[in-house]
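Shown next: work04.cif, containing mmCIF, C-alpha atoms and all ligand atoms.
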```
data_protein
loop_
_atom_site.label_atom_id
_atom_site.label_comp_id
_atom_site.auth_asym_id
_atom_site.auth_seq_id
_atom_site.Cartn_x
_atom_site.Cartn_y
_atom_site.Cartn_z
CA MET A 246 0.00 0.00 0.00
CA ASN A 247 1.19 3.49 -0.80
CA GLN A 248 1.76 5.13 2.60
CA LYS A 249 1.97 8.61 1.07
CA PHE A 250 -1.52 8.22 -0.38
CA LEU A 251 -2.83 7.03 2.98
CA ILE A 252 -1.41 10.09 4.78
CA ILE A 253 -2.79 12.47 2.16
CA GLY A 254 -6.17 10.73 2.45
CA VAL A 255 -6.25 11.03 6.25
CA VAL A 256 -5.21 14.70 6.11
CA ALA A 257 -7.92 15.38 3.50
CA VAL A 258 -10.61 13.71 5.64
CA VAL A 259 -9.51 15.65 8.75
CA LEU A 260 -9.59 18.93 6.81
CA VAL A 261 -13.07 18.24 5.44
CA ILE A 262 -14.40 17.39 8.93
CA ALA A 263 -12.76 20.51 10.38
CA GLY A 264 -14.27 22.61 7.58
CA ILE A 265 -17.77 21.23 8.12
CA SER A 266 -17.51 21.71 11.90
CA TYR A 267 -16.31 25.28 11.46
CA TYR A 268 -19.17 25.98 9.05
CA PHE A 269 -21.82 24.78 11.51
CA MET A 270 -20.20 26.43 14.53
CA SER A 271 -19.93 29.80 12.80
CA ALA A 272 -23.53 29.48 11.57
CA GLN A 273 -24.55 29.42 15.26
CA SER A 274 -22.65 32.60 16.08
CA SER A 275 -24.36 34.71 18.70
CA ALA A 276 -26.60 36.98 16.71
CA ILE A 277 -29.65 38.28 18.53
CA ILE A 278 -32.65 39.54 16.62
CA ILE A 279 -34.71 42.28 18.28
CA ARG A 280 -37.89 43.50 16.59
CA LEU A 281 -39.83 46.68 17.13
CA VAL A 282 -43.40 45.41 16.97
CA THR A 283 -46.50 47.51 17.00
CA THR A 284 -50.20 46.94 17.57
CA ASN A 285 -52.61 48.81 15.36
CA PRO A 286 -54.71 51.49 17.03
CA PRO A 287 -57.38 49.63 19.01
CA ALA A 288 -61.04 50.41 18.48
CA GLN A 289 -62.83 51.60 21.59
CA GLY A 290 -66.57 52.24 21.49
CA GLY A 291 -66.42 52.72 17.73
CA LEU A 292 -63.57 55.23 17.98
CA ILE A 293 -60.10 54.36 16.91
CA LEU A 294 -57.54 55.93 19.18
CA PRO A 295 -54.27 56.28 17.33
CA GLN A 296 -52.41 57.46 20.44
CA ASN A 297 -53.16 54.08 22.01
CA GLU A 298 -50.95 52.29 19.57
CA LYS A 299 -48.52 50.14 21.51
CA ARG A 300 -44.95 49.66 20.48
CA ASN A 301 -42.64 47.13 22.07
CA TRP A 302 -39.32 45.47 21.52
CA ASP A 303 -39.60 41.73 21.07
CA PRO A 304 -37.93 40.25 23.00
CA ASP A 305 -37.90 42.98 25.63
CA VAL A 306 -35.44 41.11 27.85
CA ILE A 307 -32.14 39.84 26.48
CA GLU A 308 -29.32 38.11 28.32
CA LEU A 309 -25.71 38.51 27.33
CA THR A 310 -22.40 37.35 28.77
CA VAL A 311 -19.91 39.98 29.82
CA GLY A 312 -16.92 40.19 27.51
CA THR A 313 -18.56 38.16 24.74
CA PRO A 314 -19.12 40.08 21.49
CA VAL A 315 -22.63 39.93 20.14
CA THR A 316 -24.27 40.91 16.88
CA ILE A 317 -27.59 42.66 17.33
CA VAL A 318 -29.97 42.58 14.38
CA VAL A 319 -32.70 45.19 14.80
CA VAL A 320 -35.82 44.77 12.69
CA ASN A 321 -38.48 47.44 12.39
CA ASN A 322 -41.88 45.80 11.95
CA ASP A 323 -43.66 49.16 12.13
CA ASP A 324 -45.35 50.13 8.88
CA ILE A 325 -45.21 53.91 9.40
CA GLU A 326 -42.49 55.02 11.76
CA THR A 327 -38.72 55.02 11.79
CA HIS A 328 -37.17 53.59 14.97
CA GLN A 329 -33.73 53.20 16.44
CA LEU A 330 -32.27 51.07 19.22
CA ALA A 331 -29.76 52.41 21.71
CA ILE A 332 -28.01 51.01 24.77
CA PRO A 333 -26.97 54.25 26.49
CA ASP A 334 -24.97 52.54 29.27
CA PHE A 335 -22.66 51.14 26.61
CA GLY A 336 -22.71 54.14 24.29
CA VAL A 337 -24.23 52.07 21.48
CA THR A 338 -26.84 53.34 19.01
CA SER A 339 -28.11 51.68 15.86
CA GLN A 340 -28.71 53.49 12.61
CA PRO A 341 -32.27 54.82 12.17
CA ILE A 342 -34.40 51.96 10.80
CA LYS A 343 -37.14 52.74 8.32
CA PRO A 344 -40.41 50.75 8.25
CA PHE A 345 -39.85 47.08 7.42
CA GLU A 346 -36.08 47.52 7.26
CA SER A 347 -33.35 46.23 9.54
CA THR A 348 -29.88 47.13 10.67
CA THR A 349 -27.07 45.30 12.40
CA PHE A 350 -24.48 46.39 14.93
CA GLU A 351 -21.91 44.62 17.01
CA PHE A 352 -20.87 45.37 20.55
CA THR A 353 -19.28 43.76 23.56
CA PRO A 354 -20.91 44.20 26.97
CA THR A 355 -18.10 45.30 29.28
CA LYS A 356 -19.93 45.39 32.62
CA ILE A 357 -22.26 43.13 34.58
CA GLY A 358 -25.76 44.20 35.58
CA ASN A 359 -29.17 45.19 34.30
CA PHE A 360 -29.31 47.93 31.70
CA THR A 361 -31.97 49.51 29.52
CA PHE A 362 -32.19 49.39 25.77
CA ILE A 363 -34.43 52.07 24.34
CA ASP A 364 -35.37 54.05 21.29
CA THR A 365 -33.72 57.41 21.98
CA ARG A 366 -35.27 59.24 19.04
CA PRO A 367 -36.98 62.49 20.02
CA GLN A 368 -40.78 62.63 20.04
CA GLU A 369 -42.10 62.80 16.48
CA ILE A 370 -45.44 63.55 14.84
CA TYR A 371 -46.48 61.40 11.91
CA ASN A 372 -49.25 62.42 9.55
CA TYR A 373 -50.70 59.68 7.42
CA THR A 374 -53.90 58.31 5.98
CA ASP A 375 -54.87 55.11 7.75
CA TYR A 376 -56.60 51.99 6.43
CA ARG A 377 -60.04 53.68 6.82
CA GLY A 378 -58.94 56.52 4.58
CA VAL A 379 -58.92 58.86 7.60
CA ASP A 380 -56.11 61.37 8.02
CA VAL A 381 -54.36 60.69 11.29
CA GLN A 382 -51.88 62.77 13.22
CA GLN A 383 -49.95 60.49 15.53
CA THR A 384 -47.57 61.60 18.24
CA VAL A 385 -44.87 59.00 18.71
CA ASN A 386 -43.11 58.94 22.05
CA HIS A 387 -40.16 56.67 21.32
CA SER A 388 -38.97 56.70 24.92
CA LEU A 389 -41.79 54.24 25.74
CA GLU A 390 -39.98 51.60 23.68
CA LYS A 391 -37.81 50.05 26.35
CA GLY A 392 -36.29 46.70 27.14
CA THR A 393 -33.90 45.19 29.65
CA LEU A 394 -30.42 43.99 28.88
CA ILE A 395 -29.10 41.57 31.47
CA VAL A 396 -25.34 41.09 31.36
CA LYS A 397 -24.18 38.02 33.26
CA PRO A 398 -20.69 37.02 34.40
CU CU A 401 -39.13 54.23 18.18
#
```
With the file now loaded, output its structure as structure tokens.
Amino acid sequence: MNQKFLIIGVVAVVLVIAGISYYFMSAQSSAIIIRLVTTNPPAQGGLILPQNEKRNWDPDVIELTVGTPVTIVVVNNDDIETHQLAIPDFGVTSQPIKPFESTTFEFTPTKIGNFTFIDTRPQEIYNYTDYRGVDVQQTVNHSLEKGTLIVKP
């Protein structure tokens, strides 16, 4: 038997296994997806109250490990408004995200504890025509869009 062939064969098999393992391990890299979700204005006694629209981050609690880099994917599921996610305690702010768009940023939590992630955009007024054909003026208080970031040892 040709020993050289055997060695090359074994090396090739090891490389292929290493490659496949690396592929699957990197596919599971720690990317966290956070969505800004919104409920449509609820009807109350026949009146639709646009100011009652609720906006939340989903999930609104995320757990990270201190010192471990993470990729945050922020998706805006709102059909009208632009949103933005910030983690003020870590000096991190995403790009503004238009309706149905997403953005990605990376950061490394450097301290342990509970922190807030929030949309830090200033209050905005949106004027649009809703699904009933009614012109709506909606005040959007982004500071209500909050979540908790738990950084563990
Ligand atoms: Cu917002």
A:Ser339, A:Ser275, A:Asn372, A:Thr365 ranked by distance to ligand CU 401 (chain A), top pick (using all atoms listed in the file):
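Of the candidates, the smallest distance to ligand CU 401 (chain A) is held by A:Thr365.
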CA of Pro354 in chain A to CA of Val320 in chain A, distance in Å rounded to a single decimal
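About the pair CA of Pro354 in chain A and CA of Val320 in chain A: they are 20.7 Å apart.
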Just checking: using only C-alpha atoms and all ligand atoms, which residue out of A:Ile252, A:Leu281, A:Ile262, A:Val315 ends up closest to ligand CU 401 (chain A)?
A:Leu281
Collect all residues with atoms no farther than 12 Å from ligand CU 401 (chain A), counting all atoms listed in the file, and output them as number ranges by chain.
A: 280-283, 299-302, 319-331, 339-344, 362-370, 384-391
For a test of reading the model, state the distance in Å between CA of Asn359 in chain A and CA of Ser347 in chain A, rounded to one decimal.
25.1 Å
Close residues, Lys356 in chain A itself excluded, 8 Å, all atoms listed in the file, min 3 positions apart in chain, as a count of residues only
3
Have a look at A:Thr338, A:Thr393, A:Gln382, A:Thr374 and name the one nearest to Thr361 in chain A; count only C-alpha atoms.
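The closest residue to Thr361 in chain A is A:Thr393.
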So how many Å separate CA of Thr313 in chain A and CA of Gly336 in chain A, to one decimal?
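For CA of Thr313 in chain A relative to CA of Gly336 in chain A, the distance reads 16.5 Å.
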Would you compute, for all listed atoms of range 352-371 of chain A, the axis-aligned bounding box grown by 4 Å on each side, and then report its centre and edge lengths in Å rounded to one decimal, as JSON?
```
{"center_x": -32.3, "center_y": 53.3, "center_z": 23.7, "size_x": 36.4, "size_y": 28.4, "size_z": 31.7}
```
For each of A:Ile317, A:Val337, A:Ile307, A:Ile332, take the minimum atom-to-atom distance to Lys397 in chain A, counting only C-alpha atoms, then give the residue where this is smallest.
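Of the candidates, the smallest distance to Lys397 in chain A is held by A:Ile307.
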